[in-house]
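Asks: First the structure, which I've put down as C-alpha cells, then a few questions once you've had a look.
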There are 2 protein chains.
Amino acid sequence: MSANAGRRLEERQRGFVLWMTGLPGSGKSTIAALAKKELEEEHGRHVELLDGDEVRKGLSSDLGLSREDREEHARRVSYLAKVLARNGVISIVALISPYRSSREKAKALIGVQDFVEVYVNATLDTCERRDPKGLYAKARRGEITNMTGIQDPYEPPVSPQIMINTDTSTPEESTRELIGMLASRLKKEAEQKPR
Amino acid sequence: MSANAGRRLEERQRGFVLWMTGLPGSGKSTIAALAKKELEEEHGRHVELLDGDEVRKGLSSDLGLSREDREEHARRVSYLAKVLARNGVISIVALISPYRSSREKAKALIGVQDFVEVYVNATLDTCERRDPKGLYAKARRGEITNMTGIQDPYEPPVSPQIMINTDTSTPEESTRELIGMLASRLKKEAEQKPR
C-alpha cells in the first residue's frame with residue numbers, strides 16, 4: 001500500500017497561480033469565476049478563487065487601502081496561493097494589485113514556474129462606465145479617496161504572461177482565451193499523469 | 001471528458017484539520033512532522049504542516065504575543081486551514097493556541113466535521129525540562145515576558161477529540177496513536193473513493 005500511496009501522490013497534478021491584475025471593473029472577478037468553473041468541470045482540477053475583497057475579510061481585516069496595506073494584503077494572498085499550489089491546487093487570484101513591486105514579490109515568493117501573471121486590461125473609461133460596485137461614482141463624488149485609477153495609481157504589467165482585453169470581448173470570450181493560453185500547461189500535466 | 005473530469009473531482013478525498021494544541025515543548029511540532037510523513041507516504045495524502053512559528057513569518061509578521069495578537073494569529077491560521085481542507089488537503093496545525101475561545105472560533109470557522117482537536121498533553125515540568133528552544137529558561141530569567149505556561153495562561157481543552165500524553169510516550173508512539181485514532185476517518189474516505 002505504501003508504494004501505491006506514494007505513487008498516487010506523485011501522480012497528482014501540479015498547482016499553479018493565475019494572478020489576475022487590473023483596474024476595478026476590468027472584469028477580473030467575473031472571468032476568474034468562469035475560469036474556475038471550466039477548470040473544475042472540464043479539467044477536474046481543484047481550484048480556489050482568491051478574490052481580493054473576500055480574502056480581505058478572512059485574512060486582512062486589519063488592513064486598509066494605503067499603499068503599505070495593499071502591499072501587505074498582496075503578500076498574504078501570495079502566501080496563501082503558494083501553500084495551495086504546493087498541494088496541487090490552482091489558485092485564481094483576482095486582485096487589483098496596483099503596484100508592480102507587489103506582483104514582483106508575489107512572483108518571487110510563489111516561484112516563476114508556478115506564477116502566471118494575467119493582465120485584465122480595459123480602459124479606465126470602460127471600467128468607469130461598468131462601475132459594478134458603484135465605487136467610481138463614489139470616488140468622483142469624493143466619498144472614497146483611495147480609488148485605484150482615480151486617486152491611486154495603477155501600474156500596468158510590463159510583460160504579463162497573458163493579456164486579456166475586456167473592452168471589446170465578452171467575459172465568456174475572455175475566459176476561453178485565458179483557458180486556451182493555459183492549454184500547454186494543462187496538457188503537459190495530463191501527459192505526466194500516467195507515469 | 002467533462003463527465004470524467006467531474007467524477008475525478010468528486011472522487012477526491014476530503015481534507016480536514018488536525019489542530020494540535022499544547023504547551024511549548026509538549027511535542028506538537030515533532031509529532032506533526034512524523035504524522036505528515038506517515039499520511040503522505042502510507043496514505044498518499046496531500047498534507048500541509050502549519051507550524052505556528054513558520055506561519056507567523058508568512059502570514060502574521062505584524063503580530064506579537066499579546067492575547068489579542070495570539071487570537072488573531074489563530075484566526076488567520078484557521079482561515080488558511082479551512083481553504084486547504086475544502087481543496088482536499090489535510091492540514092496539521094501545530095500551534096500553542098492557549099485560549100479556548102480561539103480554538104472554539106477555529107472549530108466554528110472550519111466546521112465541526114472537518115475539525116479535529118488534538119491535545120498534546122505534557123506536564124509543565126516535562127516541557128520545561130525539554131525546553132527545545134530554550135524559551136523556558138529565558139522566561140525564568142525574565143528575558144521573555146509572554147511565555148505560555150510561565151507568565152501567560154494555557155487553557156487545556158475540555159473535551160478534545162484526541163488526547164496524546166507525551167510525558168511517557170516517545171514521539172513515534174504518540175504518532176502511531178494519533179494516526180490510529182484517525183483510522184476510521186481515513187478508511188471511510190478510502191471506501192468512498194471507488195464510487
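In the C-alpha cells, the first chain shown is A, the next is B, and so on; residue numbers restart at 1 for each chain, and ligands run from 1 in the order shown.
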Compile the contact shell of Lys37 in chain B as a list in words: residues with an atom at most 12 Å away, counting only C-alpha atoms, same-chain residues fewer than 2 positions apart removed.

Replies: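 Those residues are Ser2, Ala5 and Gly6 of chain A; Thr30, Ile31, Ala32, Ala33, Leu34, Ala35, Leu39, Glu40, Glu41, Glu42, His43, Gly44, Arg45, His46, Val47, Glu48, Leu49, Ile90, Ile92, Glu172, Thr175, Arg176 and Ile179 of chain B.
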
Asks: I need the residues from that last selection saved to file as a short mmCIF file (atom, residue, chain, number, x, y, z; two decimals), in the first residue's frame (with N, CA and C atoms), if you can.

Replies:
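Generated file (selection-v5.cif):
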```cif
data_model
loop_
_atom_site.label_atom_id
_atom_site.label_comp_id
_atom_site.auth_asym_id
_atom_site.auth_seq_id
_atom_site.Cartn_x
_atom_site.Cartn_y
_atom_site.Cartn_z
N SER A 2 1.99 1.16 0.71
CA SER A 2 2.87 2.32 0.79
C SER A 2 3.34 2.77 -0.59
N ALA A 5 0.51 4.31 -2.51
CA ALA A 5 0.14 5.62 -1.97
C ALA A 5 1.16 6.66 -2.40
N GLY A 6 2.43 6.27 -2.33
CA GLY A 6 3.48 7.18 -2.75
C GLY A 6 3.31 7.58 -4.21
N THR B 30 7.03 18.06 16.62
CA THR B 30 7.68 16.78 16.36
C THR B 30 6.67 15.75 15.87
N ILE B 31 5.55 15.65 16.59
CA ILE B 31 4.52 14.67 16.22
C ILE B 31 3.88 15.07 14.89
N ALA B 32 3.67 16.38 14.71
CA ALA B 32 3.07 16.86 13.46
C ALA B 32 3.92 16.45 12.26
N ALA B 33 5.23 16.59 12.39
CA ALA B 33 6.13 16.26 11.28
C ALA B 33 6.09 14.76 10.98
N LEU B 34 6.08 13.95 12.04
CA LEU B 34 6.02 12.49 11.84
C LEU B 34 4.67 12.09 11.23
N ALA B 35 3.60 12.73 11.69
CA ALA B 35 2.27 12.39 11.17
C ALA B 35 2.14 12.79 9.70
N LEU B 39 1.13 10.19 6.77
CA LEU B 39 -0.08 10.40 5.96
C LEU B 39 0.26 10.55 4.48
N GLU B 40 1.42 11.10 4.20
CA GLU B 40 1.85 11.23 2.81
C GLU B 40 2.30 9.89 2.25
N GLU B 41 3.17 9.23 3.00
CA GLU B 41 3.82 8.03 2.45
C GLU B 41 2.92 6.80 2.50
N GLU B 42 2.15 6.68 3.58
CA GLU B 42 1.32 5.48 3.74
C GLU B 42 -0.09 5.67 3.21
N HIS B 43 -0.55 6.92 3.18
CA HIS B 43 -1.94 7.15 2.78
C HIS B 43 -2.06 7.99 1.51
N GLY B 44 -0.91 8.42 0.97
CA GLY B 44 -0.92 9.14 -0.30
C GLY B 44 -1.67 10.46 -0.27
N ARG B 45 -1.69 11.09 0.87
CA ARG B 45 -2.45 12.33 1.01
C ARG B 45 -1.59 13.58 0.83
N HIS B 46 -2.22 14.64 0.40
CA HIS B 46 -1.59 15.95 0.46
C HIS B 46 -1.72 16.46 1.89
N VAL B 47 -0.60 16.78 2.51
CA VAL B 47 -0.62 17.24 3.89
C VAL B 47 0.18 18.53 4.02
N GLU B 48 -0.39 19.52 4.62
CA GLU B 48 0.33 20.77 4.87
C GLU B 48 0.52 20.93 6.37
N LEU B 49 1.78 21.10 6.75
CA LEU B 49 2.08 21.34 8.15
C LEU B 49 2.07 22.84 8.42
N ILE B 90 -5.09 17.74 3.95
CA ILE B 90 -5.09 17.60 5.40
C ILE B 90 -4.12 18.63 5.97
N ILE B 92 -2.15 19.97 9.24
CA ILE B 92 -1.79 19.70 10.63
C ILE B 92 -1.31 21.01 11.23
N GLU B 172 7.33 8.66 18.32
CA GLU B 172 6.88 7.62 17.39
C GLU B 172 5.62 6.94 17.92
N THR B 175 2.69 9.33 17.61
CA THR B 175 2.23 9.47 16.22
C THR B 175 1.40 8.27 15.82
N ARG B 176 1.86 7.07 16.24
CA ARG B 176 1.11 5.86 15.92
C ARG B 176 -0.29 5.94 16.54
N ILE B 179 -2.41 8.54 14.49
CA ILE B 179 -2.86 8.01 13.19
C ILE B 179 -3.89 6.91 13.40
#
```

Asks: For Val112 in chain A, work out the shell of residues within 12 Å, counting only C-alpha atoms and skipping chain neighbours fewer than 5 positions away, then give it as a VMD selection string.

Replies: chain A and resid 16 to 19 82 103 to 107 117 161

Asks: Would you put the residues from that selection into a file with C-alpha atoms, as a PDB file, in the first residue's frame?

Replies:
```
ATOM      1  CA  PHE A  16      -0.116  26.974 -10.041  1.00  0.00           C
ATOM      2  CA  VAL A  17      -1.295  30.530  -9.565  1.00  0.00           C
ATOM      3  CA  LEU A  18      -3.201  32.679 -12.044  1.00  0.00           C
ATOM      4  CA  TRP A  19      -2.598  36.176 -10.753  1.00  0.00           C
ATOM      5  CA  LYS A  82       1.800  29.389  -2.645  1.00  0.00           C
ATOM      6  CA  ARG A 103       3.357  41.491  -8.122  1.00  0.00           C
ATOM      7  CA  GLU A 104       7.106  41.020  -8.446  1.00  0.00           C
ATOM      8  CA  LYS A 105       7.248  39.969  -4.804  1.00  0.00           C
ATOM      9  CA  ALA A 106       4.360  37.563  -5.328  1.00  0.00           C
ATOM     10  CA  LYS A 107       6.178  36.036  -8.292  1.00  0.00           C
ATOM     11  CA  GLU A 117       0.543  36.992 -14.419  1.00  0.00           C
ATOM     12  CA  GLN A 161       2.333  36.188 -19.472  1.00  0.00           C
TER      13      GLN A 161
END
```

Asks: For the helix (DSSP H, G or I) assignment from backbone DSSP, which residues of range 6-169 of chain A qualify? Please present them as a compact mmCIF listing (two decimals) with C-alpha atoms, in the first residue's frame.

Replies:
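Produced file states.txt, reproduced below:
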```txt
# COMPACT_ATOMS: atom_id res chain seq x y z
CA GLY A 6 3.48 7.18 -2.75
CA ARG A 7 2.87 6.88 -6.47
CA ARG A 8 -0.63 8.25 -6.07
CA LEU A 9 0.82 11.39 -4.54
CA GLU A 10 3.44 11.68 -7.27
CA GLU A 11 0.81 11.42 -9.95
CA LYS A 28 -11.16 40.10 -13.00
CA SER A 29 -13.73 38.50 -10.69
CA THR A 30 -16.16 37.64 -13.48
CA ILE A 31 -13.52 35.94 -15.59
CA ALA A 32 -12.00 34.28 -12.54
CA ALA A 33 -15.36 32.70 -11.62
CA LEU A 34 -15.92 31.43 -15.16
CA ALA A 35 -12.37 30.07 -15.36
CA LYS A 36 -12.78 28.28 -12.03
CA LYS A 37 -15.94 26.56 -13.27
CA GLU A 38 -14.24 25.50 -16.51
CA LEU A 39 -11.11 24.18 -14.82
CA GLU A 40 -13.19 22.22 -12.32
CA GLU A 41 -15.79 20.82 -14.69
CA GLY A 52 -9.28 40.29 -3.13
CA ASP A 53 -12.38 41.54 -1.34
CA GLU A 54 -13.27 38.11 0.06
CA VAL A 55 -9.77 37.28 1.27
CA ARG A 56 -9.60 40.69 2.88
CA LYS A 57 -12.45 39.67 5.21
CA GLY A 58 -10.78 36.41 6.15
CA LEU A 59 -7.13 37.30 6.25
CA ARG A 67 0.00 51.55 -0.42
CA GLU A 68 1.63 49.81 2.50
CA ASP A 69 -1.55 47.93 3.41
CA ARG A 70 -2.27 46.93 -0.18
CA GLU A 71 1.27 45.54 -0.41
CA GLU A 72 0.83 43.59 2.81
CA HIS A 73 -2.52 42.26 1.62
CA ALA A 74 -0.94 41.09 -1.64
CA ARG A 75 1.82 39.45 0.39
CA ARG A 76 -0.66 37.46 2.45
CA VAL A 77 -2.62 36.44 -0.63
CA SER A 78 0.57 35.24 -2.31
CA TYR A 79 1.49 33.21 0.77
CA LEU A 80 -1.90 31.53 0.69
CA ALA A 81 -1.65 30.89 -3.06
CA LYS A 82 1.80 29.39 -2.64
CA VAL A 83 0.65 26.94 0.02
CA LEU A 84 -2.27 25.90 -2.19
CA ALA A 85 -0.07 25.49 -5.27
CA ARG A 100 4.38 46.35 -9.84
CA SER A 101 6.55 45.73 -6.79
CA SER A 102 3.77 43.68 -5.09
CA ARG A 103 3.36 41.49 -8.12
CA GLU A 104 7.11 41.02 -8.45
CA LYS A 105 7.25 39.97 -4.80
CA ALA A 106 4.36 37.56 -5.33
CA LYS A 107 6.18 36.04 -8.29
CA ALA A 108 9.37 35.67 -6.27
CA LEU A 109 7.54 34.07 -3.32
CA ILE A 110 5.44 31.69 -5.39
CA VAL A 112 8.42 31.91 -11.51
CA GLN A 113 7.41 28.44 -12.65
CA ASP A 114 4.09 28.46 -10.78
CA LEU A 124 -10.44 53.50 -17.40
CA ASP A 125 -13.42 54.78 -19.44
CA THR A 126 -14.77 51.26 -19.86
CA CYS A 127 -14.24 50.37 -16.20
CA GLU A 128 -15.89 53.57 -15.04
CA ARG A 129 -18.86 53.01 -17.32
CA ARG A 130 -19.34 49.49 -15.90
CA LEU A 135 -17.09 52.79 -6.46
CA TYR A 136 -16.03 55.05 -9.32
CA ALA A 137 -19.10 57.21 -8.77
CA LYS A 138 -18.29 57.40 -5.05
CA ALA A 139 -14.69 58.31 -5.82
CA ARG A 140 -15.77 61.05 -8.23
```

Asks: What are the coordinates of chain A as a PDB file with C-alpha atoms, in the first residue's frame following a least-squares fit to chain B on all in-order C-alpha atoms?

Replies:
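Writing the result to selection-v8.pdb gives the following:
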```pdb
ATOM      1  CA  MET A   1     -13.953  14.243 -20.880  1.00  0.00           C
ATOM      2  CA  SER A   2     -16.184  16.571 -18.920  1.00  0.00           C
ATOM      3  CA  ALA A   3     -18.008  13.729 -17.167  1.00  0.00           C
ATOM      4  CA  ASN A   4     -14.741  11.993 -16.335  1.00  0.00           C
ATOM      5  CA  ALA A   5     -13.206  15.166 -15.047  1.00  0.00           C
ATOM      6  CA  GLY A   6     -16.229  15.876 -12.916  1.00  0.00           C
ATOM      7  CA  ARG A   7     -16.137  12.408 -11.432  1.00  0.00           C
ATOM      8  CA  ARG A   8     -12.407  12.683 -10.857  1.00  0.00           C
ATOM      9  CA  LEU A   9     -13.015  15.742  -8.721  1.00  0.00           C
ATOM     10  CA  GLU A  10     -15.826  14.039  -6.826  1.00  0.00           C
ATOM     11  CA  GLU A  11     -13.634  11.080  -6.047  1.00  0.00           C
ATOM     12  CA  ARG A  12     -11.004  13.221  -4.464  1.00  0.00           C
ATOM     13  CA  GLN A  13     -10.554  12.766  -0.789  1.00  0.00           C
ATOM     14  CA  ARG A  14     -11.881  15.182   1.719  1.00  0.00           C
ATOM     15  CA  GLY A  15      -9.476  17.351   3.627  1.00  0.00           C
ATOM     16  CA  PHE A  16      -9.649  18.009   7.329  1.00  0.00           C
ATOM     17  CA  VAL A  17      -7.739  19.828  10.030  1.00  0.00           C
ATOM     18  CA  LEU A  18      -5.748  18.299  12.876  1.00  0.00           C
ATOM     19  CA  TRP A  19      -5.487  21.151  15.338  1.00  0.00           C
ATOM     20  CA  MET A  20      -2.694  20.298  17.761  1.00  0.00           C
ATOM     21  CA  THR A  21      -2.717  22.432  20.879  1.00  0.00           C
ATOM     22  CA  GLY A  22      -0.420  22.190  23.879  1.00  0.00           C
ATOM     23  CA  LEU A  23       2.276  23.883  25.935  1.00  0.00           C
ATOM     24  CA  PRO A  24       5.565  24.883  24.310  1.00  0.00           C
ATOM     25  CA  GLY A  25       7.763  21.792  24.383  1.00  0.00           C
ATOM     26  CA  SER A  26       4.832  19.377  24.621  1.00  0.00           C
ATOM     27  CA  GLY A  27       5.833  17.810  21.294  1.00  0.00           C
ATOM     28  CA  LYS A  28       3.364  19.316  18.823  1.00  0.00           C
ATOM     29  CA  SER A  29       5.819  20.062  16.008  1.00  0.00           C
ATOM     30  CA  THR A  30       7.682  16.771  16.341  1.00  0.00           C
ATOM     31  CA  ILE A  31       4.526  14.682  16.213  1.00  0.00           C
ATOM     32  CA  ALA A  32       3.069  16.859  13.461  1.00  0.00           C
ATOM     33  CA  ALA A  33       6.137  16.254  11.260  1.00  0.00           C
ATOM     34  CA  LEU A  34       6.013  12.499  11.824  1.00  0.00           C
ATOM     35  CA  ALA A  35       2.264  12.400  11.165  1.00  0.00           C
ATOM     36  CA  LYS A  36       2.696  14.369   7.940  1.00  0.00           C
ATOM     37  CA  LYS A  37       5.280  11.871   6.690  1.00  0.00           C
ATOM     38  CA  GLU A  38       3.040   8.921   7.555  1.00  0.00           C
ATOM     39  CA  LEU A  39      -0.074  10.402   5.958  1.00  0.00           C
ATOM     40  CA  GLU A  40       1.856  11.238   2.792  1.00  0.00           C
ATOM     41  CA  GLU A  41       3.826   8.027   2.436  1.00  0.00           C
ATOM     42  CA  GLU A  42       1.317   5.491   3.721  1.00  0.00           C
ATOM     43  CA  HIS A  43      -1.939   7.145   2.767  1.00  0.00           C
ATOM     44  CA  GLY A  44      -0.916   9.154  -0.292  1.00  0.00           C
ATOM     45  CA  ARG A  45      -2.453  12.327   1.011  1.00  0.00           C
ATOM     46  CA  HIS A  46      -1.590  15.952   0.457  1.00  0.00           C
ATOM     47  CA  VAL A  47      -0.618  17.243   3.888  1.00  0.00           C
ATOM     48  CA  GLU A  48       0.334  20.772   4.863  1.00  0.00           C
ATOM     49  CA  LEU A  49       2.093  21.340   8.158  1.00  0.00           C
ATOM     50  CA  LEU A  50       1.035  24.692   9.549  1.00  0.00           C
ATOM     51  CA  ASP A  51       3.573  25.274  12.260  1.00  0.00           C
ATOM     52  CA  GLY A  52       2.728  28.311  14.370  1.00  0.00           C
ATOM     53  CA  ASP A  53       6.207  29.814  14.217  1.00  0.00           C
ATOM     54  CA  GLU A  54       6.550  29.262  10.464  1.00  0.00           C
ATOM     55  CA  VAL A  55       3.129  30.628   9.567  1.00  0.00           C
ATOM     56  CA  ARG A  56       3.833  33.625  11.745  1.00  0.00           C
ATOM     57  CA  LYS A  57       6.673  34.602   9.385  1.00  0.00           C
ATOM     58  CA  GLY A  58       4.510  34.239   6.310  1.00  0.00           C
ATOM     59  CA  LEU A  59       1.148  35.463   7.453  1.00  0.00           C
ATOM     60  CA  SER A  60       1.362  37.181  10.828  1.00  0.00           C
ATOM     61  CA  SER A  61       4.648  39.030  10.844  1.00  0.00           C
ATOM     62  CA  ASP A  62       2.764  42.075  12.100  1.00  0.00           C
ATOM     63  CA  LEU A  63       1.555  40.271  15.221  1.00  0.00           C
ATOM     64  CA  GLY A  64       3.079  39.884  18.675  1.00  0.00           C
ATOM     65  CA  LEU A  65       2.275  37.603  21.577  1.00  0.00           C
ATOM     66  CA  SER A  66      -0.457  39.524  23.363  1.00  0.00           C
ATOM     67  CA  ARG A  67      -3.732  37.700  23.877  1.00  0.00           C
ATOM     68  CA  GLU A  68      -5.325  39.747  21.127  1.00  0.00           C
ATOM     69  CA  ASP A  69      -2.495  39.031  18.687  1.00  0.00           C
ATOM     70  CA  ARG A  70      -2.422  35.318  19.495  1.00  0.00           C
ATOM     71  CA  GLU A  71      -6.165  35.183  18.823  1.00  0.00           C
ATOM     72  CA  GLU A  72      -5.751  36.987  15.514  1.00  0.00           C
ATOM     73  CA  HIS A  73      -2.894  34.672  14.548  1.00  0.00           C
ATOM     74  CA  ALA A  74      -5.051  31.625  15.324  1.00  0.00           C
ATOM     75  CA  ARG A  75      -7.815  33.175  13.238  1.00  0.00           C
ATOM     76  CA  ARG A  76      -5.559  33.539  10.212  1.00  0.00           C
ATOM     77  CA  VAL A  77      -4.223  30.014  10.607  1.00  0.00           C
ATOM     78  CA  SER A  78      -7.759  28.645  10.771  1.00  0.00           C
ATOM     79  CA  TYR A  79      -8.702  30.550   7.622  1.00  0.00           C
ATOM     80  CA  LEU A  80      -5.740  29.030   5.802  1.00  0.00           C
ATOM     81  CA  ALA A  81      -6.555  25.543   7.116  1.00  0.00           C
ATOM     82  CA  LYS A  82     -10.162  25.897   6.023  1.00  0.00           C
ATOM     83  CA  VAL A  83      -9.222  26.839   2.470  1.00  0.00           C
ATOM     84  CA  LEU A  84      -6.841  23.865   2.310  1.00  0.00           C
ATOM     85  CA  ALA A  85      -9.428  21.453   3.715  1.00  0.00           C
ATOM     86  CA  ARG A  86     -12.002  22.369   1.086  1.00  0.00           C
ATOM     87  CA  ASN A  87      -9.391  21.542  -1.544  1.00  0.00           C
ATOM     88  CA  GLY A  88      -8.767  18.029  -0.240  1.00  0.00           C
ATOM     89  CA  VAL A  89      -5.674  18.809   1.825  1.00  0.00           C
ATOM     90  CA  ILE A  90      -5.088  17.612   5.391  1.00  0.00           C
ATOM     91  CA  SER A  91      -3.717  20.461   7.480  1.00  0.00           C
ATOM     92  CA  ILE A  92      -1.791  19.698  10.620  1.00  0.00           C
ATOM     93  CA  VAL A  93      -1.784  22.816  12.754  1.00  0.00           C
ATOM     94  CA  ALA A  94       0.921  22.866  15.414  1.00  0.00           C
ATOM     95  CA  LEU A  95       0.051  25.924  17.434  1.00  0.00           C
ATOM     96  CA  ILE A  96       0.123  26.553  21.193  1.00  0.00           C
ATOM     97  CA  SER A  97      -3.290  28.259  20.782  1.00  0.00           C
ATOM     98  CA  PRO A  98      -3.563  28.711  24.537  1.00  0.00           C
ATOM     99  CA  TYR A  99      -7.050  30.195  24.568  1.00  0.00           C
ATOM    100  CA  ARG A 100     -10.143  28.034  24.503  1.00  0.00           C
ATOM    101  CA  SER A 101     -12.014  30.812  22.726  1.00  0.00           C
ATOM    102  CA  SER A 102      -9.521  30.780  19.804  1.00  0.00           C
ATOM    103  CA  ARG A 103      -9.912  27.067  19.344  1.00  0.00           C
ATOM    104  CA  GLU A 104     -13.691  27.315  19.537  1.00  0.00           C
ATOM    105  CA  LYS A 105     -13.610  30.005  16.863  1.00  0.00           C
ATOM    106  CA  ALA A 106     -11.341  27.866  14.701  1.00  0.00           C
ATOM    107  CA  LYS A 107     -13.762  24.960  15.045  1.00  0.00           C
ATOM    108  CA  ALA A 108     -16.699  27.172  14.113  1.00  0.00           C
ATOM    109  CA  LEU A 109     -14.899  28.618  11.079  1.00  0.00           C
ATOM    110  CA  ILE A 110     -13.565  25.318   9.784  1.00  0.00           C
ATOM    111  CA  GLY A 111     -16.722  23.373  10.621  1.00  0.00           C
ATOM    112  CA  VAL A 112     -17.140  20.720  13.318  1.00  0.00           C
ATOM    113  CA  GLN A 113     -16.982  17.931  10.759  1.00  0.00           C
ATOM    114  CA  ASP A 114     -13.530  18.894   9.473  1.00  0.00           C
ATOM    115  CA  PHE A 115     -11.981  19.979  12.769  1.00  0.00           C
ATOM    116  CA  VAL A 116     -10.118  17.503  14.975  1.00  0.00           C
ATOM    117  CA  GLU A 117      -8.811  18.985  18.206  1.00  0.00           C
ATOM    118  CA  VAL A 118      -5.713  17.129  19.377  1.00  0.00           C
ATOM    119  CA  TYR A 119      -4.481  17.906  22.864  1.00  0.00           C
ATOM    120  CA  VAL A 120      -0.755  17.248  23.093  1.00  0.00           C
ATOM    121  CA  ASN A 121      -0.520  16.905  26.837  1.00  0.00           C
ATOM    122  CA  ALA A 122       2.615  17.002  28.947  1.00  0.00           C
ATOM    123  CA  THR A 123       3.167  18.478  32.383  1.00  0.00           C
ATOM    124  CA  LEU A 124       4.815  21.853  32.634  1.00  0.00           C
ATOM    125  CA  ASP A 125       7.723  20.090  34.386  1.00  0.00           C
ATOM    126  CA  THR A 126       8.286  17.832  31.392  1.00  0.00           C
ATOM    127  CA  CYS A 127       8.026  20.685  28.895  1.00  0.00           C
ATOM    128  CA  GLU A 128      10.408  22.837  30.900  1.00  0.00           C
ATOM    129  CA  ARG A 129      12.917  20.020  31.185  1.00  0.00           C
ATOM    130  CA  ARG A 130      12.852  19.527  27.392  1.00  0.00           C
ATOM    131  CA  ASP A 131      12.862  23.252  26.592  1.00  0.00           C
ATOM    132  CA  PRO A 132      13.788  22.616  22.927  1.00  0.00           C
ATOM    133  CA  LYS A 133      14.089  26.298  22.072  1.00  0.00           C
ATOM    134  CA  GLY A 134      15.493  27.479  25.398  1.00  0.00           C
ATOM    135  CA  LEU A 135      12.429  29.655  25.891  1.00  0.00           C
ATOM    136  CA  TYR A 136      11.506  28.435  29.363  1.00  0.00           C
ATOM    137  CA  ALA A 137      14.992  29.301  30.596  1.00  0.00           C
ATOM    138  CA  LYS A 138      14.676  32.759  29.045  1.00  0.00           C
ATOM    139  CA  ALA A 139      11.269  33.235  30.621  1.00  0.00           C
ATOM    140  CA  ARG A 140      12.580  32.203  34.048  1.00  0.00           C
ATOM    141  CA  ARG A 141      15.356  34.756  33.653  1.00  0.00           C
ATOM    142  CA  GLY A 142      12.741  37.359  32.732  1.00  0.00           C
ATOM    143  CA  GLU A 143      14.082  37.800  29.202  1.00  0.00           C
ATOM    144  CA  ILE A 144      10.714  36.757  27.765  1.00  0.00           C
ATOM    145  CA  THR A 145       7.539  38.011  29.356  1.00  0.00           C
ATOM    146  CA  ASN A 146       4.757  36.350  27.316  1.00  0.00           C
ATOM    147  CA  MET A 147       5.716  32.710  27.781  1.00  0.00           C
ATOM    148  CA  THR A 148       2.742  30.386  27.846  1.00  0.00           C
ATOM    149  CA  GLY A 149       2.891  28.247  30.978  1.00  0.00           C
ATOM    150  CA  ILE A 150       5.045  30.748  32.866  1.00  0.00           C
ATOM    151  CA  GLN A 151       3.578  34.238  32.580  1.00  0.00           C
ATOM    152  CA  ASP A 152       0.748  33.562  30.123  1.00  0.00           C
ATOM    153  CA  PRO A 153      -2.072  31.097  30.771  1.00  0.00           C
ATOM    154  CA  TYR A 154      -2.695  27.837  28.950  1.00  0.00           C
ATOM    155  CA  GLU A 155      -6.313  26.716  28.921  1.00  0.00           C
ATOM    156  CA  PRO A 156      -6.387  22.940  28.328  1.00  0.00           C
ATOM    157  CA  PRO A 157      -9.116  21.567  26.067  1.00  0.00           C
ATOM    158  CA  VAL A 158     -12.208  20.434  27.911  1.00  0.00           C
ATOM    159  CA  SER A 159     -13.131  17.629  25.540  1.00  0.00           C
ATOM    160  CA  PRO A 160     -10.512  17.225  22.805  1.00  0.00           C
ATOM    161  CA  GLN A 161     -11.307  14.604  20.193  1.00  0.00           C
ATOM    162  CA  ILE A 162      -7.860  13.122  20.675  1.00  0.00           C
ATOM    163  CA  MET A 163      -5.545  13.416  23.668  1.00  0.00           C
ATOM    164  CA  ILE A 164      -1.932  12.342  23.454  1.00  0.00           C
ATOM    165  CA  ASN A 165       0.155  12.167  26.589  1.00  0.00           C
ATOM    166  CA  THR A 166       3.789  12.759  25.731  1.00  0.00           C
ATOM    167  CA  ASP A 167       5.165  12.587  29.282  1.00  0.00           C
ATOM    168  CA  THR A 168       5.820   8.901  28.938  1.00  0.00           C
ATOM    169  CA  SER A 169       5.417   8.131  25.212  1.00  0.00           C
ATOM    170  CA  THR A 170       8.040   8.578  22.508  1.00  0.00           C
ATOM    171  CA  PRO A 171       7.136  10.780  19.510  1.00  0.00           C
ATOM    172  CA  GLU A 172       6.875   7.621  17.383  1.00  0.00           C
ATOM    173  CA  GLU A 173       4.421   6.028  19.812  1.00  0.00           C
ATOM    174  CA  SER A 174       2.402   9.234  20.001  1.00  0.00           C
ATOM    175  CA  THR A 175       2.238   9.473  16.228  1.00  0.00           C
ATOM    176  CA  ARG A 176       1.099   5.860  15.916  1.00  0.00           C
ATOM    177  CA  GLU A 177      -1.610   6.584  18.464  1.00  0.00           C
ATOM    178  CA  LEU A 178      -2.706   9.701  16.591  1.00  0.00           C
ATOM    179  CA  ILE A 179      -2.875   8.027  13.178  1.00  0.00           C
ATOM    180  CA  GLY A 180      -4.626   5.056  14.760  1.00  0.00           C
ATOM    181  CA  MET A 181      -7.349   7.334  16.050  1.00  0.00           C
ATOM    182  CA  LEU A 182      -7.818   8.744  12.553  1.00  0.00           C
ATOM    183  CA  ALA A 183      -8.255   5.286  11.049  1.00  0.00           C
ATOM    184  CA  SER A 184     -12.018   5.438  10.618  1.00  0.00           C
ATOM    185  CA  ARG A 185     -11.754   8.904   9.055  1.00  0.00           C
ATOM    186  CA  LEU A 186      -9.073   7.739   6.630  1.00  0.00           C
ATOM    187  CA  LYS A 187     -10.820   4.440   5.930  1.00  0.00           C
ATOM    188  CA  LYS A 188     -14.220   5.957   5.334  1.00  0.00           C
ATOM    189  CA  GLU A 189     -12.672   8.152   2.673  1.00  0.00           C
ATOM    190  CA  ALA A 190     -10.862   5.248   1.058  1.00  0.00           C
ATOM    191  CA  GLU A 191     -14.145   3.339   0.837  1.00  0.00           C
ATOM    192  CA  GLN A 192     -15.902   6.246  -0.777  1.00  0.00           C
ATOM    193  CA  LYS A 193     -13.274   6.514  -3.474  1.00  0.00           C
ATOM    194  CA  PRO A 194     -14.342   3.756  -5.917  1.00  0.00           C
ATOM    195  CA  ARG A 195     -17.815   5.196  -6.395  1.00  0.00           C
TER     196      ARG A 195
END
```

Asks: Determine which residues of chain A receive a DSSP assignment of strand (DSSP E), computed from the backbone, and state them as a ChimeraX atom specification.

Replies: /A:17-21,47-51,90-94,115-121,162-165
